[in-house]
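For reference, model34.txt is printed below; it contains compact mmCIF, C-alpha atoms and all ligand atoms.
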```
# COMPACT_ATOMS: atom_id res chain seq x y z
CA MET A 1229 35.80 1.53 1.98
CA SER A 1230 32.73 -0.65 1.70
CA ILE A 1231 29.03 -0.12 1.13
CA LEU A 1232 27.29 -0.23 4.50
CA VAL A 1233 23.93 -2.01 4.51
CA ILE A 1234 21.61 -1.23 7.40
CA GLY A 1235 19.82 -4.55 7.98
CA LYS A 1236 21.08 -8.11 7.81
CA THR A 1237 18.20 -10.57 8.17
CA GLY A 1238 15.65 -9.14 5.71
CA GLN A 1239 14.96 -10.33 2.17
CA VAL A 1240 16.85 -7.53 0.42
CA ALA A 1241 19.63 -7.33 3.03
CA GLN A 1242 20.44 -11.03 2.60
CA GLU A 1243 20.82 -10.50 -1.15
CA LEU A 1244 22.94 -7.37 -0.66
CA ALA A 1245 25.25 -9.43 1.55
CA LYS A 1246 26.14 -11.57 -1.50
CA LEU A 1247 27.27 -8.56 -3.58
CA PRO A 1248 30.85 -7.26 -3.67
CA ASP A 1249 32.13 -4.99 -0.93
CA THR A 1250 29.03 -4.89 1.26
CA VAL A 1251 28.97 -4.96 5.06
CA CYS A 1252 25.55 -5.66 6.60
CA ILE A 1253 24.71 -4.71 10.15
CA SER A 1254 21.85 -6.07 12.22
CA ARG A 1255 19.61 -4.74 14.95
CA ASP A 1256 22.38 -5.44 17.55
CA GLU A 1257 24.57 -2.76 15.98
CA ALA A 1258 21.90 -0.38 14.66
CA ASP A 1259 18.43 -0.61 16.19
CA LEU A 1260 16.17 1.63 14.12
CA THR A 1261 13.97 2.34 17.15
CA VAL A 1262 17.00 4.24 18.47
CA PRO A 1263 17.80 6.26 15.33
CA GLU A 1264 21.00 7.79 16.77
CA GLN A 1265 22.49 4.26 16.73
CA CYS A 1266 22.21 4.36 12.94
CA SER A 1267 24.16 7.57 12.62
CA SER A 1268 26.80 6.33 15.09
CA ALA A 1269 27.18 3.12 13.06
CA ILE A 1270 27.54 5.09 9.82
CA HIS A 1271 30.22 7.33 11.33
CA ALA A 1272 32.03 4.31 12.84
CA HIS A 1273 32.16 2.32 9.58
CA VAL A 1274 33.27 5.19 7.31
CA PRO A 1275 31.58 3.58 4.27
CA ARG A 1276 31.65 4.89 0.69
CA ALA A 1277 27.81 4.63 0.55
CA VAL A 1278 24.91 3.44 2.71
CA ILE A 1279 21.88 1.35 1.68
CA ASN A 1280 18.99 1.07 4.14
CA ALA A 1281 17.43 -2.37 3.77
CA ALA A 1282 15.75 -2.47 7.20
CA ALA A 1283 12.12 -1.51 7.72
CA TYR A 1284 8.88 -2.21 9.53
CA THR A 1285 7.09 -4.25 6.85
CA ALA A 1286 4.06 -5.77 8.64
CA VAL A 1287 1.37 -3.94 6.66
CA ASP A 1288 -1.66 -4.98 8.73
CA LYS A 1289 0.04 -4.83 12.14
CA ALA A 1290 1.20 -1.28 11.36
CA GLU A 1291 -2.42 -0.13 11.72
CA GLN A 1292 -2.07 -0.83 15.46
CA GLU A 1293 1.57 0.31 15.75
CA GLU A 1294 1.83 3.40 13.59
CA ALA A 1295 4.14 5.25 16.01
CA LEU A 1296 6.61 2.35 15.98
CA ALA A 1297 6.35 1.96 12.19
CA THR A 1298 7.01 5.71 11.81
CA LEU A 1299 10.03 5.61 14.11
CA ILE A 1300 11.55 2.76 12.07
CA ASN A 1301 10.41 3.77 8.56
CA ALA A 1302 10.69 7.56 8.81
CA ASP A 1303 12.75 8.86 11.75
CA ALA A 1304 15.57 6.31 11.41
CA PRO A 1305 16.07 6.77 7.62
CA GLY A 1306 15.98 10.54 8.19
CA VAL A 1307 18.85 10.25 10.68
CA MET A 1308 20.76 7.91 8.31
CA ALA A 1309 20.33 10.36 5.43
CA ARG A 1310 21.61 13.25 7.55
CA ALA A 1311 24.67 11.23 8.61
CA CYS A 1312 25.38 10.43 4.95
CA ALA A 1313 24.89 14.06 3.93
CA SER A 1314 27.39 15.18 6.58
CA LEU A 1315 29.94 12.63 5.28
CA ASN A 1316 29.09 13.52 1.66
CA ILE A 1317 28.38 9.90 0.72
CA PRO A 1318 25.35 8.54 -1.21
CA PHE A 1319 22.35 7.13 0.64
CA VAL A 1320 19.92 4.65 -0.92
CA GLN A 1321 16.50 4.28 0.72
CA ILE A 1322 14.04 1.59 -0.38
CA SER A 1323 10.39 2.62 -0.50
CA THR A 1324 7.15 1.14 -1.71
CA ASP A 1325 4.22 1.23 -4.11
CA TYR A 1326 2.04 1.55 -0.98
CA VAL A 1327 2.79 5.32 -0.90
CA PHE A 1328 0.21 5.54 -3.72
CA SER A 1329 -3.57 5.44 -3.44
CA GLY A 1330 -3.95 2.88 -6.22
CA GLY A 1331 -6.51 4.82 -8.25
CA GLY A 1332 -6.77 4.51 -12.03
CA THR A 1333 -4.83 2.13 -14.23
CA ALA A 1334 -1.92 4.27 -15.44
CA PRO A 1335 1.54 3.29 -14.16
CA TRP A 1336 2.59 5.68 -11.36
CA ARG A 1337 5.46 7.99 -12.20
CA PRO A 1338 7.93 9.06 -9.49
CA ASP A 1339 6.56 12.61 -9.30
CA ASP A 1340 2.87 11.63 -9.26
CA PRO A 1341 0.89 12.67 -6.16
CA THR A 1342 1.09 10.16 -3.32
CA GLY A 1343 -1.84 9.12 -1.12
CA PRO A 1344 -1.13 6.14 1.11
CA LEU A 1345 -4.12 4.06 2.19
CA GLY A 1346 -2.67 2.82 5.48
CA ALA A 1347 -0.17 3.32 8.29
CA TYR A 1348 2.67 1.38 6.61
CA GLY A 1349 2.40 3.50 3.45
CA ARG A 1350 2.19 6.72 5.49
CA SER A 1351 5.30 5.75 7.48
CA LYS A 1352 7.27 4.95 4.31
CA LEU A 1353 6.15 8.22 2.69
CA ALA A 1354 7.26 10.17 5.78
CA GLY A 1355 10.62 8.40 5.43
CA GLU A 1356 10.95 9.59 1.83
CA GLN A 1357 10.26 13.17 2.92
CA LYS A 1358 12.88 13.05 5.67
CA VAL A 1359 15.48 11.57 3.33
CA ARG A 1360 14.90 14.37 0.80
CA ALA A 1361 14.96 17.00 3.55
CA ALA A 1362 18.42 15.82 4.67
CA GLY A 1363 19.67 17.42 1.47
CA GLY A 1364 22.38 14.90 0.59
CA VAL A 1365 23.11 12.74 -2.43
CA HIS A 1366 20.46 10.02 -2.41
CA ALA A 1367 18.16 7.70 -4.30
CA ILE A 1368 14.74 6.69 -3.07
CA LEU A 1369 13.88 3.45 -4.86
CA ARG A 1370 10.22 2.51 -4.71
CA THR A 1371 9.67 -1.17 -5.35
CA SER A 1372 6.79 -3.62 -4.89
CA TRP A 1373 5.72 -7.16 -4.03
CA VAL A 1374 9.15 -8.35 -2.85
CA VAL A 1375 9.84 -12.08 -3.01
CA SER A 1376 12.86 -14.27 -2.28
CA ALA A 1377 13.88 -17.69 -1.02
CA HIS A 1378 14.08 -16.36 2.55
CA GLY A 1379 11.84 -14.48 4.93
CA ASN A 1380 8.08 -14.08 4.66
CA ASN A 1381 6.69 -13.44 1.23
CA PHE A 1382 3.91 -14.39 -1.18
CA VAL A 1383 5.92 -17.11 -2.96
CA LYS A 1384 6.64 -18.94 0.28
CA THR A 1385 3.04 -18.51 1.45
CA MET A 1386 1.75 -19.96 -1.84
CA LEU A 1387 4.16 -22.94 -1.70
CA ARG A 1388 2.92 -23.71 1.82
CA LEU A 1389 -0.79 -23.25 1.09
CA GLY A 1390 -0.55 -24.88 -2.34
CA ALA A 1391 0.86 -28.06 -0.78
CA GLU A 1392 -1.95 -28.16 1.81
CA ARG A 1393 -4.97 -27.30 -0.34
CA ASP A 1394 -6.25 -28.06 -3.81
CA ALA A 1395 -7.89 -24.65 -4.31
CA LEU A 1396 -7.31 -21.06 -3.16
CA ASN A 1397 -9.16 -17.77 -3.56
CA ILE A 1398 -6.73 -14.99 -4.47
CA VAL A 1399 -7.39 -11.31 -5.13
CA SER A 1400 -7.29 -10.37 -8.80
CA ASP A 1401 -8.08 -6.64 -8.68
CA GLN A 1402 -4.72 -5.56 -7.22
CA ILE A 1403 -2.26 -5.21 -10.10
CA GLY A 1404 1.49 -4.72 -9.68
CA GLY A 1405 4.97 -5.98 -10.41
CA PRO A 1406 6.40 -8.82 -8.34
CA THR A 1407 10.06 -8.03 -7.64
CA ALA A 1408 12.82 -10.39 -6.53
CA ALA A 1409 14.91 -9.21 -3.57
CA ARG A 1410 17.99 -10.21 -5.57
CA ASP A 1411 17.04 -7.84 -8.40
CA ILE A 1412 16.41 -5.00 -5.89
CA ALA A 1413 19.78 -5.61 -4.24
CA THR A 1414 21.54 -5.45 -7.61
CA ALA A 1415 19.69 -2.22 -8.48
CA CYS A 1416 20.49 -0.54 -5.13
CA HIS A 1417 24.15 -1.53 -5.40
CA LEU A 1418 24.43 -0.11 -8.93
CA MET A 1419 22.65 3.09 -7.89
CA ALA A 1420 24.96 3.60 -4.91
CA GLU A 1421 28.02 3.19 -7.16
CA GLN A 1422 26.68 5.58 -9.79
CA LEU A 1423 25.59 8.23 -7.27
CA ALA A 1424 29.14 8.31 -5.88
CA VAL A 1425 30.42 9.60 -9.23
CA SER A 1426 27.22 11.27 -10.51
CA PRO A 1427 25.54 13.03 -7.59
CA GLU A 1428 23.16 14.77 -10.00
CA LYS A 1429 21.32 11.45 -10.31
CA THR A 1430 19.83 12.15 -6.85
CA GLY A 1431 16.06 11.60 -6.87
CA THR A 1432 13.12 9.24 -6.58
CA TYR A 1433 12.89 6.19 -8.84
CA HIS A 1434 10.64 3.21 -9.48
CA PHE A 1435 11.71 -0.41 -9.89
CA SER A 1436 9.44 -3.43 -10.17
CA GLY A 1437 9.45 -6.73 -12.01
CA ALA A 1438 7.62 -7.12 -15.33
CA PRO A 1439 5.06 -7.91 -16.57
CA ASP A 1440 2.45 -6.38 -14.26
CA CYS A 1441 -0.06 -8.94 -13.02
CA SER A 1442 -2.60 -9.62 -10.29
CA TRP A 1443 -1.79 -11.60 -7.14
CA ALA A 1444 -4.03 -14.35 -8.57
CA ASP A 1445 -2.04 -14.43 -11.84
CA PHE A 1446 1.18 -14.47 -9.80
CA ALA A 1447 -0.09 -17.44 -7.74
CA ARG A 1448 -0.97 -19.37 -10.91
CA VAL A 1449 2.56 -18.93 -12.29
CA ILE A 1450 4.06 -20.01 -8.94
CA PHE A 1451 1.93 -23.19 -8.94
CA ASP A 1452 2.75 -23.85 -12.60
CA GLN A 1453 6.52 -23.48 -12.13
CA ALA A 1454 6.46 -25.51 -8.88
CA ASN A 1455 4.19 -28.13 -10.47
CA LEU A 1456 1.67 -27.86 -7.64
CA ALA A 1457 -1.92 -28.81 -8.43
CA CYS A 1458 -3.79 -25.95 -6.77
CA ASN A 1459 -6.66 -24.22 -8.51
CA VAL A 1460 -6.74 -20.42 -8.18
CA THR A 1461 -10.08 -18.60 -8.17
CA ASP A 1462 -10.06 -14.83 -8.80
CA ILE A 1463 -11.73 -12.80 -6.04
CA PRO A 1464 -12.12 -9.04 -5.49
CA SER A 1465 -10.26 -7.38 -2.61
CA SER A 1466 -13.64 -6.85 -0.95
CA ALA A 1467 -13.88 -10.63 -0.50
CA TYR A 1468 -10.51 -10.73 1.34
CA PRO A 1469 -10.86 -8.19 4.16
CA THR A 1470 -7.67 -7.03 5.89
CA PRO A 1471 -6.98 -4.37 8.56
CA ALA A 1472 -5.05 -2.25 6.01
CA ALA A 1473 -6.41 -1.52 2.55
CA ARG A 1474 -4.00 -2.27 -0.34
CA PRO A 1475 -3.77 -0.14 -3.53
CA LEU A 1476 -5.58 -1.66 -6.51
CA ASN A 1477 -3.26 -0.06 -9.06
CA SER A 1478 0.38 -0.67 -8.10
CA ARG A 1479 1.70 -0.39 -11.66
CA MET A 1480 4.87 1.70 -11.65
CA ASP A 1481 6.52 3.56 -14.52
CA CYS A 1482 10.16 2.51 -14.19
CA SER A 1483 11.45 4.33 -17.28
CA ALA A 1484 13.54 6.92 -15.39
CA THR A 1485 15.43 4.13 -13.60
CA ASP A 1486 16.41 2.79 -17.02
CA SER A 1487 17.22 6.15 -18.64
CA THR A 1488 19.21 7.46 -15.64
CA PHE A 1489 20.90 4.30 -14.33
CA GLY A 1490 20.58 1.82 -17.21
CA ILE A 1491 18.57 -0.50 -14.93
CA LYS A 1492 15.71 -2.30 -16.72
CA ARG A 1493 12.65 -3.99 -15.28
CA PRO A 1494 13.58 -7.65 -14.73
CA ASP A 1495 11.16 -10.37 -15.88
CA TRP A 1496 9.92 -11.73 -12.53
CA ARG A 1497 9.14 -15.12 -14.09
CA ASN A 1498 12.88 -15.75 -14.53
CA SER A 1499 13.62 -14.48 -11.00
CA LEU A 1500 10.86 -16.76 -9.68
CA THR A 1501 12.56 -19.75 -11.33
CA GLU A 1502 15.78 -18.85 -9.47
CA ILE A 1503 13.92 -18.59 -6.17
CA LEU A 1504 12.20 -21.94 -6.65
CA THR A 1505 15.55 -23.48 -7.60
CA ASP A 1506 17.09 -22.12 -4.38
CA LEU A 1507 14.17 -23.57 -2.43
CA GLY A 1508 14.40 -26.94 -4.22
CA ALA A 1509 10.78 -26.42 -5.32
CA LEU A 1510 11.17 -26.30 -9.09
CA SER A 1511 9.04 -28.83 -10.95
N1 LIG A 1601 8.42 -6.90 1.48
C1 LIG A 1601 7.83 -6.28 0.49
O1 LIG A 1601 6.94 -6.81 -0.18
C2 LIG A 1601 8.25 -4.90 0.12
C3 LIG A 1601 9.25 -4.24 0.78
N2 LIG A 1601 9.60 -2.96 0.43
C4 LIG A 1601 10.68 -2.27 1.14
O2 LIG A 1601 11.87 -2.95 0.84
C5 LIG A 1601 12.77 -2.86 1.95
C6 LIG A 1601 13.28 -4.24 2.29
O3 LIG A 1601 12.16 -5.04 2.65
P1 LIG A 1601 12.32 -6.61 2.96
O4 LIG A 1601 13.69 -7.05 2.63
O5 LIG A 1601 11.14 -7.29 2.37
O6 LIG A 1601 12.13 -6.59 4.55
P2 LIG A 1601 11.91 -7.81 5.53
O7 LIG A 1601 10.56 -7.69 6.11
O8 LIG A 1601 12.33 -9.09 4.88
O9 LIG A 1601 12.99 -7.51 6.65
C7 LIG A 1601 12.91 -6.34 7.43
C8 LIG A 1601 14.27 -6.10 8.01
O10 LIG A 1601 14.21 -4.91 8.82
C9 LIG A 1601 14.82 -5.20 10.04
N3 LIG A 1601 14.28 -4.40 11.13
C10 LIG A 1601 12.99 -4.24 11.47
N4 LIG A 1601 12.90 -3.46 12.57
C11 LIG A 1601 14.18 -3.14 12.91
C12 LIG A 1601 14.76 -2.37 13.95
N5 LIG A 1601 14.02 -1.78 14.88
N6 LIG A 1601 16.10 -2.25 13.98
C13 LIG A 1601 16.88 -2.86 13.08
N7 LIG A 1601 16.38 -3.60 12.07
C14 LIG A 1601 15.05 -3.73 12.00
C15 LIG A 1601 14.54 -6.67 10.29
O11 LIG A 1601 15.44 -7.14 11.25
P3 LIG A 1601 15.03 -8.27 12.33
O12 LIG A 1601 15.17 -9.58 11.61
O13 LIG A 1601 16.02 -8.09 13.42
O14 LIG A 1601 13.62 -8.00 12.75
C16 LIG A 1601 14.77 -7.22 8.90
O15 LIG A 1601 16.14 -7.39 8.65
C17 LIG A 1601 11.99 -2.14 3.06
O16 LIG A 1601 12.32 -0.78 3.00
C18 LIG A 1601 10.54 -2.32 2.65
O17 LIG A 1601 9.72 -1.27 3.13
C19 LIG A 1601 9.02 -2.30 -0.61
C20 LIG A 1601 8.02 -2.90 -1.33
C21 LIG A 1601 7.57 -4.25 -1.04
C1 LIG A 1602 -2.60 -15.74 1.52
C2 LIG A 1602 -3.54 -15.01 0.59
C3 LIG A 1602 -3.27 -13.71 0.22
N1 LIG A 1602 -4.12 -13.05 -0.61
C4 LIG A 1602 -3.83 -11.66 -1.01
C5 LIG A 1602 -3.80 -10.62 0.08
C6 LIG A 1602 -2.95 -9.53 -0.52
O1 LIG A 1602 -3.77 -8.64 -1.27
C7 LIG A 1602 -2.03 -10.29 -1.46
C8 LIG A 1602 -0.58 -10.33 -1.02
O2 LIG A 1602 -0.51 -10.70 0.33
P1 LIG A 1602 0.68 -10.20 1.25
O3 LIG A 1602 0.29 -10.43 2.65
O4 LIG A 1602 1.96 -10.78 0.75
O5 LIG A 1602 0.64 -8.65 0.92
P2 LIG A 1602 1.36 -7.44 1.61
O6 LIG A 1602 2.03 -7.86 2.87
O7 LIG A 1602 0.41 -6.34 1.64
O8 LIG A 1602 2.53 -7.10 0.56
C9 LIG A 1602 3.04 -5.80 0.58
O9 LIG A 1602 4.09 -5.74 1.53
C10 LIG A 1602 4.61 -4.43 1.71
C11 LIG A 1602 5.74 -4.53 2.72
C12 LIG A 1602 4.90 -3.71 0.46
O10 LIG A 1602 5.66 -2.74 0.46
C13 LIG A 1602 4.08 -4.01 -0.77
O11 LIG A 1602 4.77 -3.74 -1.98
C14 LIG A 1602 3.54 -5.42 -0.80
O12 LIG A 1602 4.53 -6.36 -1.19
O13 LIG A 1602 -2.53 -11.61 -1.57
C15 LIG A 1602 -5.27 -13.67 -1.10
O14 LIG A 1602 -6.04 -13.06 -1.85
N2 LIG A 1602 -5.53 -14.96 -0.75
C16 LIG A 1602 -4.71 -15.66 0.08
O15 LIG A 1602 -4.98 -16.85 0.39
MG MG A 1603 3.60 -9.18 3.77
```

So, in terms of structure tokens, how does the structure I just supplied come out?
Ligand SMILES: NC(=O)C1=CN([C@@H]2O[C@H](COP(=O)(O)OP(=O)(O)OC[C@H]3O[C@@H](n4cnc5c(N)ncnc54)[C@H](OP(=O)(O)O)[C@@H]3O)[C@@H](O)[C@H]2O)C=CC1
Ligand SMILES: Cc1cn([C@H]2C[C@H](O)[C@@H](COP(=O)(O)OP(=O)(O)O[C@H]3O[C@@H](C)C(=O)[C@@H](O)[C@H]3O)O2)c(=O)[nH]c1=O
Ligand SMILES: [Mg+2]
Amino acid sequence: MSILVIGKTGQVAQELAKLPDTVCISRDEADLTVPEQCSSAIHAHVPRAVINAAAYTAVDKAEQEEALATLINADAPGVMARACASLNIPFVQISTDYVFSGGGTAPWRPDDPTGPLGAYGRSKLAGEQKVRAAGGVHAILRTSWVVSAHGNNFVKTMLRLGAERDALNIVSDQIGGPTAARDIATACHLMAEQLAVSPEKTGTYHFSGAPDCSWADFARVIFDQANLACNVTDIPSSAYPTPAARPLNSRMDCSATDSTFGIKRPDWRNSLTEILTDLGALS
């Protein structure tokens, strides 16, 4: 029996595919806009655990497509979690720092009050609630600022822009933990294995790369490691208007993930070096 991964083309799904005993299925086999397809796929594969790595992740576009984002990010994971509960197998759902409002400067703990600022965050929060309501063995892993060698992400955007321009304005008042998709995949895989033998570990957990930084700080380290001469100027979020507001404080307290699962915050600077190596962009 394998670990079934819902999603195949995304950043985290592609990293899960490299781990032992995983089977990843794409939209052809399980289209999240038709949630019943997800439960049929779970029943057909008879896995020992399920990890949902598929989601609607276009934060700004979600403002115009909240119903679709909710179908994919809430209804579909709810159906997956119910299928897993009926089979008595663990379900791992990936969630986001964007369920929080971003007030204050204290790292968010898993049981802190949520308060999403936009449609994407609301849809992911609704997904968390449906997964809990399914009543099965599960982990909801909230992560942030996902980067990898594939897909769309901040590292790849910076490599592209940094090669074209000699200066960029980047927001410096949003603070969080950049997290490599590879590190998230490893964490989800470990959690699925542990939940299978320790169902009492069911709950909501945080996992992000350390140290916390601003997007501007992150960009500077990317340019430094990639040896790109691009000057970064700090700007406030107000100078970079977007359809969806982002939380200013995305710091997450990841201590329960360590004490319960033995999973520590990875240093994103090392993970970034791996990504740049994979991309052939290391200086
Ligand atoms: N990206 C980030 O910065 C962050 C992501 N997260 C969460 O982490 C998880 C993984 O994100 P990430 O790997 O970055 O995602 P990506 O944006 O890289 O990929 C999204 C995946 O979801 C799939 N998908 C979207 N819609 C459907 C659908 N209707 N049916 C089937 N599959 C669908 C896509 O498939 P297709 O290629 O066919 O469209 C793709 O494989 C998600 O739960 C996300 O919310 C949390 C914090 C930060
Ligand atoms: C390209 C660019 C971006 N930015 C800012 C905008 C934004 O605040 C920040 C990051 O841009 P992104 O578009 O990658 O941000 P965004 O898509 O909002 O990233 C989020 O995605 C979802 C799925 C999550 O769950 C979150 O954890 C988070 O990773 O960088 C600049 O300030 N200057 C620039 O030139
Ligand atoms: Mg994005």

**Prompt:** Which residues, written as a ChimeraX atom specification, have at least one atom at most 7 Å from Ala1420 in chain A, with all atoms listed in the file counted and residues fewer than 2 positions away on the same chain left out?
**Reply:** /A:1277,1318,1320,1416-1418,1422-1424

**Item:** Minimum-distance residue to ligand MG 1603 (chain A), chosen among A:Tyr1348, A:Tyr1284, A:Phe1319, A:Phe1382 (using only C-alpha atoms and all ligand atoms)
**Value:**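 Ranked by minimum distance to ligand MG 1603 (chain A), first place goes to A:Phe1382.
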
**Item:** Within 6 Å of ligand LIG 1601 (chain A), counting only C-alpha atoms and all ligand atoms, residues as a PyMOL selection string
**Value:** chain A and resi 1235-1241+1254-1255+1258-1261+1281-1285+1300+1322-1324+1371-1374+1379

Could you write out the selected residues, including C-alpha atoms, as a PDB file, keeping the file's coordinate frame?
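Once written, out_34.pdb looks like this:
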```
ATOM      1  CA  GLY A1235      19.820  -4.550   7.980  1.00  0.00           C
ATOM      2  CA  LYS A1236      21.080  -8.110   7.810  1.00  0.00           C
ATOM      3  CA  THR A1237      18.200 -10.570   8.170  1.00  0.00           C
ATOM      4  CA  GLY A1238      15.650  -9.140   5.710  1.00  0.00           C
ATOM      5  CA  GLN A1239      14.960 -10.330   2.170  1.00  0.00           C
ATOM      6  CA  VAL A1240      16.850  -7.530   0.420  1.00  0.00           C
ATOM      7  CA  ALA A1241      19.630  -7.330   3.030  1.00  0.00           C
ATOM      8  CA  SER A1254      21.850  -6.070  12.220  1.00  0.00           C
ATOM      9  CA  ARG A1255      19.610  -4.740  14.950  1.00  0.00           C
ATOM     10  CA  ALA A1258      21.900  -0.380  14.660  1.00  0.00           C
ATOM     11  CA  ASP A1259      18.430  -0.610  16.190  1.00  0.00           C
ATOM     12  CA  LEU A1260      16.170   1.630  14.120  1.00  0.00           C
ATOM     13  CA  THR A1261      13.970   2.340  17.150  1.00  0.00           C
ATOM     14  CA  ALA A1281      17.430  -2.370   3.770  1.00  0.00           C
ATOM     15  CA  ALA A1282      15.750  -2.470   7.200  1.00  0.00           C
ATOM     16  CA  ALA A1283      12.120  -1.510   7.720  1.00  0.00           C
ATOM     17  CA  TYR A1284       8.880  -2.210   9.530  1.00  0.00           C
ATOM     18  CA  THR A1285       7.090  -4.250   6.850  1.00  0.00           C
ATOM     19  CA  ILE A1300      11.550   2.760  12.070  1.00  0.00           C
ATOM     20  CA  ILE A1322      14.040   1.590  -0.380  1.00  0.00           C
ATOM     21  CA  SER A1323      10.390   2.620  -0.500  1.00  0.00           C
ATOM     22  CA  THR A1324       7.150   1.140  -1.710  1.00  0.00           C
ATOM     23  CA  THR A1371       9.670  -1.170  -5.350  1.00  0.00           C
ATOM     24  CA  SER A1372       6.790  -3.620  -4.890  1.00  0.00           C
ATOM     25  CA  TRP A1373       5.720  -7.160  -4.030  1.00  0.00           C
ATOM     26  CA  VAL A1374       9.150  -8.350  -2.850  1.00  0.00           C
ATOM     27  CA  GLY A1379      11.840 -14.480   4.930  1.00  0.00           C
TER      28      GLY A1379
END
```

Contact check, chain A to ligand MG 1603 (chain A), at most 7 Å, counting all atoms listed in the file, closest pairs as a tab-separated table:
```
residue	atom	partner	partner_atom	distance
A:Thr1285	CA	A:MG1603	MG	6.8
A:Ala1286	CA	A:MG1603	MG	6.0
A:Val1287	CA	A:MG1603	MG	6.4
A:Asn1380	CA	A:MG1603	MG	6.7
A:Asn1381	CA	A:MG1603	MG	5.8
```

**Request:** Have a look at A:Lys1352, A:Arg1448, A:His1366, A:Arg1410 and name the one nearest to ligand LIG 1602 (chain A); count all atoms listed in the file.
**Result:**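 Ranking A:Lys1352, A:Arg1448, A:His1366, A:Arg1410 by distance to ligand LIG 1602 (chain A), first place goes to A:Lys1352.
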
**Request:** Rounded to one decimal place, report the CA of Pro1494 in chain A-CA of Asp1411 in chain A distance in Å.
**Result:**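 If I compute the distance from CA of Pro1494 in chain A to CA of Asp1411 in chain A, I get 7.2 Å.
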
**Asked** Nearest to Tyr1433 in chain A: which of A:Asp1256, A:Asp1340, A:Asp1303, A:Glu1243 is it, counting only C-alpha atoms?
**Response**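 Closest to Tyr1433 in chain A, using only C-alpha atoms: A:Asp1340.
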
**Message:** Restricting the calculation to all atoms listed in the file: of A:Leu1369, A:Ala1272, A:Ala1297, A:Val1233, which residue gets closest to Pro1338 in chain A?
**Reply:**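 Distance minimum relative to Pro1338 in chain A lands on A:Leu1369.
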
**Request:** Could you please determine the separation between CA of Ser1466 in chain A and CA of Leu1353 in chain A in Å, to one decimal place?
**Result:** 25.1 Å

Near-Gly1508 in chain A list (10 Å; all atoms listed in the file; drop same-chain fewer than 5 positions) as a short mmCIF file (atom, residue, chain, number, x, y, z; two decimals) with C-alpha atoms, keeping the file's coordinate frame:
```cif
data_model
loop_
_atom_site.label_atom_id
_atom_site.label_comp_id
_atom_site.auth_asym_id
_atom_site.auth_seq_id
_atom_site.Cartn_x
_atom_site.Cartn_y
_atom_site.Cartn_z
CA ALA A 1377 13.88 -17.69 -1.02
CA ALA A 1454 6.46 -25.51 -8.88
CA GLU A 1502 15.78 -18.85 -9.47
CA ILE A 1503 13.92 -18.59 -6.17
#
```

Padding 6 Å on each side, edges along x, y and z: where is the centre of the box around the listed atoms of range 1375-1380 of chain A, and how long are its edges in Å to one decimal? Output it as lines of an AutoDock Vina configuration file.
```
center_x = 11.1
center_y = -14.9
center_z = 1.0
size_x = 18.0
size_y = 17.6
size_z = 19.9
```

Write range 1485-1496 of chain A as a tab-separated table (two decimals), keeping the file's coordinate frame, completed to N, CA and C atoms.
```
chain	number	residue	atom	x	y	z
A	1485	THR	N	14.39	4.99	-14.18
A	1485	THR	CA	15.43	4.13	-13.60
A	1485	THR	C	16.31	3.57	-14.73
A	1486	ASP	N	15.67	3.28	-15.86
A	1486	ASP	CA	16.41	2.79	-17.02
A	1486	ASP	C	17.20	3.93	-17.67
A	1487	SER	N	16.52	5.09	-17.91
A	1487	SER	CA	17.22	6.15	-18.64
A	1487	SER	C	18.34	6.78	-17.81
A	1488	THR	N	18.19	6.83	-16.49
A	1488	THR	CA	19.21	7.46	-15.64
A	1488	THR	C	20.32	6.48	-15.24
A	1489	PHE	N	19.91	5.26	-14.87
A	1489	PHE	CA	20.90	4.30	-14.33
A	1489	PHE	C	21.17	3.11	-15.25
A	1490	GLY	N	20.41	2.99	-16.34
A	1490	GLY	CA	20.58	1.82	-17.21
A	1490	GLY	C	20.07	0.53	-16.57
A	1491	ILE	N	19.12	0.67	-15.62
A	1491	ILE	CA	18.57	-0.50	-14.93
A	1491	ILE	C	17.17	-0.78	-15.47
A	1492	LYS	N	17.00	-1.95	-16.10
A	1492	LYS	CA	15.71	-2.30	-16.72
A	1492	LYS	C	14.85	-3.13	-15.78
A	1493	ARG	N	13.55	-3.14	-16.05
A	1493	ARG	CA	12.65	-3.99	-15.28
A	1493	ARG	C	13.00	-5.46	-15.55
A	1494	PRO	N	13.30	-6.23	-14.50
A	1494	PRO	CA	13.58	-7.65	-14.73
A	1494	PRO	C	12.28	-8.42	-14.94
A	1495	ASP	N	12.33	-9.50	-15.72
A	1495	ASP	CA	11.16	-10.37	-15.88
A	1495	ASP	C	11.06	-11.24	-14.62
A	1496	TRP	N	10.01	-11.03	-13.81
A	1496	TRP	CA	9.92	-11.73	-12.53
A	1496	TRP	C	9.76	-13.23	-12.70
```
